[in-house]
$ cat coords35.tsv   # TSV, C-alpha atoms
chain	number	residue	atom	x	y	z
A	1	MET	CA	0.00	0.00	0.00
A	2	ASP	CA	2.93	2.33	0.68
A	3	THR	CA	4.04	1.97	-2.95
A	4	VAL	CA	0.60	2.93	-4.27
A	5	LEU	CA	0.44	5.99	-2.01
A	6	ARG	CA	3.95	7.06	-3.04
A	7	ALA	CA	2.98	6.71	-6.71
A	8	LEU	CA	-0.20	8.74	-6.26
A	9	VAL	CA	1.61	11.52	-4.39
A	10	ILE	CA	4.37	11.69	-7.03
A	11	TYR	CA	1.75	11.72	-9.79
A	12	LEU	CA	-0.05	14.62	-8.13
A	13	VAL	CA	3.18	16.57	-7.56
A	14	LEU	CA	4.33	16.07	-11.16
A	15	MET	CA	0.92	16.98	-12.55
A	16	LEU	CA	0.85	20.22	-10.54
A	17	LEU	CA	4.43	21.11	-11.46
A	18	MET	CA	3.89	20.48	-15.18
A	19	ARG	CA	0.67	22.50	-15.05
A	20	ALA	CA	2.48	25.35	-13.30
A	21	ALA	CA	5.27	25.21	-15.89
A	22	GLY	CA	2.76	26.22	-18.57
A	23	LYS	CA	1.75	25.04	-22.00
A	24	ARG	CA	4.59	26.59	-23.93
A	25	THR	CA	7.14	24.55	-21.97
A	26	LEU	CA	5.76	21.32	-23.34
A	27	ALA	CA	5.49	22.61	-26.90
A	28	ASN	CA	9.12	23.77	-27.19
A	29	VAL	CA	11.37	21.10	-25.74
A	30	THR	CA	15.03	22.11	-25.78
A	31	THR	CA	18.12	20.04	-25.03
A	32	PHE	CA	18.14	21.46	-21.51
A	33	ASP	CA	14.47	20.48	-21.08
A	34	LEU	CA	15.32	16.92	-22.10
A	35	VAL	CA	18.18	16.75	-19.59
A	36	LEU	CA	15.91	18.20	-16.90
A	37	LEU	CA	13.27	15.60	-17.73
A	38	LEU	CA	15.83	12.82	-17.34
A	39	VAL	CA	16.96	14.19	-13.97
A	40	ILE	CA	13.35	14.52	-12.82
A	41	SER	CA	12.65	10.95	-13.89
A	42	GLU	CA	15.63	9.67	-11.91
A	43	ALA	CA	14.57	11.60	-8.80
A	44	THR	CA	11.01	10.39	-9.27
A	45	GLN	CA	12.20	6.80	-9.56
A	46	GLN	CA	14.05	7.12	-6.26
A	47	ALA	CA	10.95	8.53	-4.54
A	48	LEU	CA	8.62	5.95	-6.04
A	49	LEU	CA	10.58	2.80	-5.36
A	50	GLY	CA	12.46	3.70	-2.19
A	51	ASP	CA	14.68	0.74	-1.34
A	52	ASP	CA	12.53	-1.87	-3.07
A	53	PHE	CA	13.71	-2.37	-6.66
A	54	SER	CA	11.73	-5.55	-7.31
A	55	LEU	CA	9.82	-6.15	-10.53
A	56	THR	CA	6.61	-6.43	-8.53
A	57	THR	CA	7.07	-2.97	-7.02
A	58	ALA	CA	7.99	-1.46	-10.39
A	59	ALA	CA	4.92	-3.04	-12.00
A	60	LEU	CA	2.72	-1.77	-9.17
A	61	VAL	CA	4.10	1.77	-9.51
A	62	ILE	CA	3.64	1.77	-13.30
A	63	THR	CA	0.10	0.41	-12.98
A	64	THR	CA	-0.77	3.02	-10.34
A	65	LEU	CA	0.62	5.89	-12.44
A	66	ILE	CA	-1.20	4.77	-15.58
A	67	GLY	CA	-4.39	4.26	-13.56
A	68	ALA	CA	-4.08	7.74	-12.02
A	69	ASP	CA	-3.53	9.24	-15.47
A	70	ARG	CA	-6.54	7.43	-16.94
A	71	LEU	CA	-8.64	8.57	-13.96
A	72	ALA	CA	-7.52	12.17	-14.49
A	73	ASP	CA	-8.43	11.87	-18.20
A	74	TYR	CA	-11.87	10.49	-17.31
A	75	LEU	CA	-12.50	13.18	-14.68
A	76	GLY	CA	-11.46	15.86	-17.19
A	77	PHE	CA	-13.85	14.40	-19.76
A	78	ARG	CA	-16.70	14.02	-17.26
A	79	PHE	CA	-16.19	17.34	-15.45
A	80	PRO	CA	-15.05	20.28	-17.63
A	81	ALA	CA	-14.02	22.29	-14.54
A	82	PHE	CA	-11.56	19.54	-13.60
A	83	ASP	CA	-10.17	19.59	-17.14
A	84	ARG	CA	-9.62	23.37	-16.96
A	85	ILE	CA	-7.75	22.96	-13.68
A	86	THR	CA	-5.51	20.11	-14.83
A	87	ASP	CA	-5.16	20.72	-18.55
A	88	SER	CA	-6.04	24.36	-19.24
A	89	VAL	CA	-8.09	25.70	-22.14
A	90	PRO	CA	-7.22	27.24	-25.52
A	91	VAL	CA	-6.47	30.97	-25.25
A	92	VAL	CA	-6.86	33.57	-28.02
A	93	VAL	CA	-3.58	35.55	-28.11
A	94	LEU	CA	-4.16	37.62	-31.25
A	95	GLU	CA	-7.39	39.02	-32.63
A	96	ASN	CA	-7.79	40.81	-35.97
A	97	GLY	CA	-4.06	41.44	-36.30
A	98	ARG	CA	-3.78	42.87	-32.77
A	99	VAL	CA	-1.71	41.06	-30.15
A	100	LEU	CA	-3.54	40.69	-26.83
A	101	ARG	CA	-0.62	41.75	-24.64
A	102	HIS	CA	-2.16	40.88	-21.28
A	103	ARG	CA	-2.51	37.28	-22.45
A	104	THR	CA	0.80	36.95	-24.28
A	105	ASP	CA	2.71	38.42	-21.35
A	106	ARG	CA	1.04	36.03	-18.90
A	107	LEU	CA	1.72	33.05	-21.19
A	108	HIS	CA	5.25	34.14	-22.19
A	109	ILE	CA	4.46	34.23	-25.90
A	110	THR	CA	6.12	36.71	-28.23
A	111	GLU	CA	5.02	38.18	-31.54
A	112	SER	CA	7.77	36.16	-33.18
A	113	ASP	CA	6.23	32.95	-31.79
A	114	ILE	CA	2.91	33.89	-33.39
A	115	LEU	CA	4.55	34.88	-36.68
A	116	GLN	CA	6.54	31.64	-36.76
A	117	ALA	CA	3.32	29.63	-36.38
A	118	ALA	CA	1.67	31.81	-39.07
A	119	ARG	CA	4.53	31.20	-41.51
A	120	GLN	CA	4.66	27.47	-40.84
A	121	SER	CA	0.96	26.74	-40.99
A	122	GLN	CA	-0.48	29.39	-43.33
A	123	GLY	CA	2.43	31.02	-45.14
A	124	LEU	CA	1.55	34.40	-43.63
A	125	GLU	CA	4.22	37.04	-43.08
A	126	ARG	CA	2.51	39.82	-41.09
A	127	LEU	CA	0.30	40.04	-38.03
A	128	ASP	CA	-2.35	42.03	-39.91
A	129	GLN	CA	-2.93	38.97	-42.13
A	130	ILE	CA	-4.12	36.97	-39.09
A	131	ALA	CA	-7.74	36.95	-37.90
A	132	TYR	CA	-7.00	34.86	-34.79
A	133	ALA	CA	-4.08	33.10	-33.18
A	134	VAL	CA	-4.90	30.61	-30.44
A	135	LEU	CA	-2.55	28.99	-27.94
A	136	GLU	CA	-3.92	25.45	-27.83
A	137	LYS	CA	-4.00	23.07	-24.87
A	138	SER	CA	-1.08	21.20	-26.41
A	139	GLY	CA	1.10	24.33	-26.40
A	140	GLY	CA	1.00	24.84	-30.16
A	141	ILE	CA	-0.32	27.99	-31.80
A	142	THR	CA	-3.18	27.72	-34.31
A	143	VAL	CA	-3.45	30.57	-36.81
A	144	VAL	CA	-6.66	31.52	-38.64
A	145	PRO	CA	-5.95	33.85	-41.59
A	146	ARG	CA	-8.10	36.86	-42.41
A	147	ARG	CA	-10.51	36.44	-45.28
A	148	GLY	CA	-10.17	38.60	-48.36

$ encode --input "coords35.tsv" --output "structure tokens"
Amino acid sequence: MDTVLRALVIYLVLMLLMRAAGKRTLANVTTFDLVLLLVISEATQQALLGDDFSLTTAALVITTLIGADRLADYLGFRFPAFDRITDSVPVVVLENGRVLRHRTDRLHITESDILQAARQSQGLERLDQIAYAVLEKSGGITVVPRRG
């Protein structure tokens, strides 16, 4: 039972930390982010398994973590408020060619991030060519071009 409780606590801590880190962190993984992820995984492994490195304990931890993740997915699907807390919602960051500064500043998104997404997805070169830019739950930016 101790192993299951450890796994659930670690799952909750990691979920809260990743949520606090923001959407853009997950969308733009750098070499440093990868190294940090590896260090976090090693520290997490130590906390999860303690001194018991048996296959049974590892299987129990993995099963608990996957179960907790599936439960969080279900709760997010069943209760939209839970989904907003754990997974966020899409946010409009540009409207009719005008950057919504209060949102971009809070989300640490720059005009160049929006323009890069516009070039990659729509071939657009200027902000005034964009009707809407939306920071999605996944951390990517969706660009809707202006008509006409």

$ residues_around --input "coords35.tsv" --residues "A:Leu115" --least-positions-apart "5" --cutoff "9 Å" --atoms "only C-alpha atoms" --output "NGL selection string"
:A and (110 or 120 or 124-127)

$ atom_distance --input "coords35.tsv" --atom1 "atom CA of A:Gln116" --atom2 "atom CA of A:Phe32"
21.7 Å

$ atom_distance --input "coords35.tsv" --atom1 "atom CA of A:Leu94" --atom2 "atom CA of A:Pro80"
24.6 Å

$ closest_atom_pairs --input "coords35.tsv" --of "stretch 61-102 of chain A" --to "stretch 38-55 of chain A" --cutoff "12 Å" --atoms "only C-alpha atoms" --output "Markdown table"
| residue | atom | partner | partner_atom | distance |
| --- | --- | --- | --- | --- |
| A:Val61 | CA | A:Leu48 | CA | 7.1 |
| A:Ile62 | CA | A:Leu48 | CA | 9.7 |
| A:Thr63 | CA | A:Leu55 | CA | 12.0 |
| A:Thr64 | CA | A:Leu48 | CA | 10.7 |
| A:Leu65 | CA | A:Leu48 | CA | 10.2 |

$ atom_distance --input "coords35.tsv" --atom1 "atom CA of A:Leu135" --atom2 "atom CA of A:Arg147"
20.5 Å

$ closest_residue --input "coords35.tsv" --among "A:Asp69, A:Asp113, A:Asp105, A:Glu95" --to "A:Gln129" --atoms "only C-alpha atoms"
A:Glu95

$ closest_residue --input "coords35.tsv" --among "A:Thr142, A:Thr31, A:Gln122, A:Thr3" --to "A:Val93" --atoms "all atoms listed in the file"
A:Thr142

$ closest_residue --input "coords35.tsv" --among "A:Glu111, A:Asp73, A:Glu136, A:Asp128" --to "A:Pro90" --atoms "only C-alpha atoms"
A:Glu136

$ axis_aligned_box --input "coords35.tsv" --around "stretch 108-112 of chain A" --padding-each-side "8 Å" --output "JSON"
{"center_x": 6.1, "center_y": 36.2, "center_z": -27.7, "size_x": 19.3, "size_y": 20.0, "size_z": 27.0}

$ closest_residue --input "coords35.tsv" --among "A:Ser88, A:Thr57, A:Asn96, A:Thr104" --to "A:Ala131" --atoms "all atoms listed in the file"
A:Asn96

$ closest_residue --input "coords35.tsv" --among "A:Ile66, A:Ile109, A:Val99, A:Val89" --to "A:Lys137" --atoms "only C-alpha atoms"
A:Val89

$ build_atoms --input "coords35.tsv" --residues "stretch 77-96 of chain A" --atoms "N, CA and C atoms" --output "PDB file, in the frame of the given file"
ATOM      1  N   PHE A  77     -12.804  14.592 -18.762  1.00  0.00           N
ATOM      2  CA  PHE A  77     -13.850  14.400 -19.760  1.00  0.00           C
ATOM      3  C   PHE A  77     -15.231  14.570 -19.128  1.00  0.00           C
ATOM      4  N   ARG A  78     -15.404  14.010 -17.958  1.00  0.00           N
ATOM      5  CA  ARG A  78     -16.700  14.020 -17.260  1.00  0.00           C
ATOM      6  C   ARG A  78     -17.020  15.387 -16.657  1.00  0.00           C
ATOM      7  N   PHE A  79     -15.994  16.068 -16.133  1.00  0.00           N
ATOM      8  CA  PHE A  79     -16.190  17.340 -15.450  1.00  0.00           C
ATOM      9  C   PHE A  79     -15.295  18.403 -16.079  1.00  0.00           C
ATOM     10  N   PRO A  80     -15.855  19.258 -16.939  1.00  0.00           N
ATOM     11  CA  PRO A  80     -15.050  20.280 -17.630  1.00  0.00           C
ATOM     12  C   PRO A  80     -14.249  21.180 -16.679  1.00  0.00           C
ATOM     13  N   ALA A  81     -14.764  21.458 -15.501  1.00  0.00           N
ATOM     14  CA  ALA A  81     -14.020  22.290 -14.540  1.00  0.00           C
ATOM     15  C   ALA A  81     -12.724  21.601 -14.130  1.00  0.00           C
ATOM     16  N   PHE A  82     -12.774  20.295 -13.956  1.00  0.00           N
ATOM     17  CA  PHE A  82     -11.560  19.540 -13.600  1.00  0.00           C
ATOM     18  C   PHE A  82     -10.553  19.604 -14.743  1.00  0.00           C
ATOM     19  N   ASP A  83     -11.047  19.514 -15.976  1.00  0.00           N
ATOM     20  CA  ASP A  83     -10.170  19.590 -17.140  1.00  0.00           C
ATOM     21  C   ASP A  83      -9.484  20.953 -17.223  1.00  0.00           C
ATOM     22  N   ARG A  84     -10.221  22.028 -16.935  1.00  0.00           N
ATOM     23  CA  ARG A  84      -9.620  23.370 -16.960  1.00  0.00           C
ATOM     24  C   ARG A  84      -8.536  23.511 -15.901  1.00  0.00           C
ATOM     25  N   ILE A  85      -8.733  22.880 -14.763  1.00  0.00           N
ATOM     26  CA  ILE A  85      -7.750  22.960 -13.680  1.00  0.00           C
ATOM     27  C   ILE A  85      -6.488  22.169 -14.038  1.00  0.00           C
ATOM     28  N   THR A  86      -6.660  20.986 -14.576  1.00  0.00           N
ATOM     29  CA  THR A  86      -5.510  20.110 -14.830  1.00  0.00           C
ATOM     30  C   THR A  86      -4.893  20.276 -16.203  1.00  0.00           C
ATOM     31  N   ASP A  87      -5.684  20.726 -17.176  1.00  0.00           N
ATOM     32  CA  ASP A  87      -5.160  20.720 -18.550  1.00  0.00           C
ATOM     33  C   ASP A  87      -5.279  22.053 -19.262  1.00  0.00           C
ATOM     34  N   SER A  88      -5.915  23.030 -18.657  1.00  0.00           N
ATOM     35  CA  SER A  88      -6.040  24.360 -19.240  1.00  0.00           C
ATOM     36  C   SER A  88      -7.060  24.374 -20.370  1.00  0.00           C
ATOM     37  N   VAL A  89      -7.177  25.512 -21.019  1.00  0.00           N
ATOM     38  CA  VAL A  89      -8.090  25.700 -22.140  1.00  0.00           C
ATOM     39  C   VAL A  89      -7.357  26.491 -23.223  1.00  0.00           C
ATOM     40  N   PRO A  90      -7.828  26.402 -24.470  1.00  0.00           N
ATOM     41  CA  PRO A  90      -7.220  27.240 -25.520  1.00  0.00           C
ATOM     42  C   PRO A  90      -7.428  28.716 -25.192  1.00  0.00           C
ATOM     43  N   VAL A  91      -6.419  29.540 -25.556  1.00  0.00           N
ATOM     44  CA  VAL A  91      -6.470  30.970 -25.250  1.00  0.00           C
ATOM     45  C   VAL A  91      -6.185  31.767 -26.531  1.00  0.00           C
ATOM     46  N   VAL A  92      -7.075  32.689 -26.874  1.00  0.00           N
ATOM     47  CA  VAL A  92      -6.860  33.570 -28.020  1.00  0.00           C
ATOM     48  C   VAL A  92      -5.770  34.576 -27.622  1.00  0.00           C
ATOM     49  N   VAL A  93      -4.696  34.647 -28.417  1.00  0.00           N
ATOM     50  CA  VAL A  93      -3.580  35.550 -28.110  1.00  0.00           C
ATOM     51  C   VAL A  93      -3.433  36.677 -29.126  1.00  0.00           C
ATOM     52  N   LEU A  94      -4.165  36.574 -30.233  1.00  0.00           N
ATOM     53  CA  LEU A  94      -4.160  37.620 -31.250  1.00  0.00           C
ATOM     54  C   LEU A  94      -5.530  37.653 -31.888  1.00  0.00           C
ATOM     55  N   GLU A  95      -6.064  38.872 -32.045  1.00  0.00           N
ATOM     56  CA  GLU A  95      -7.390  39.020 -32.630  1.00  0.00           C
ATOM     57  C   GLU A  95      -7.364  40.160 -33.644  1.00  0.00           C
ATOM     58  N   ASN A  96      -7.760  39.824 -34.879  1.00  0.00           N
ATOM     59  CA  ASN A  96      -7.790  40.810 -35.970  1.00  0.00           C
ATOM     60  C   ASN A  96      -6.473  41.574 -36.105  1.00  0.00           C
TER      61      ASN A  96
END
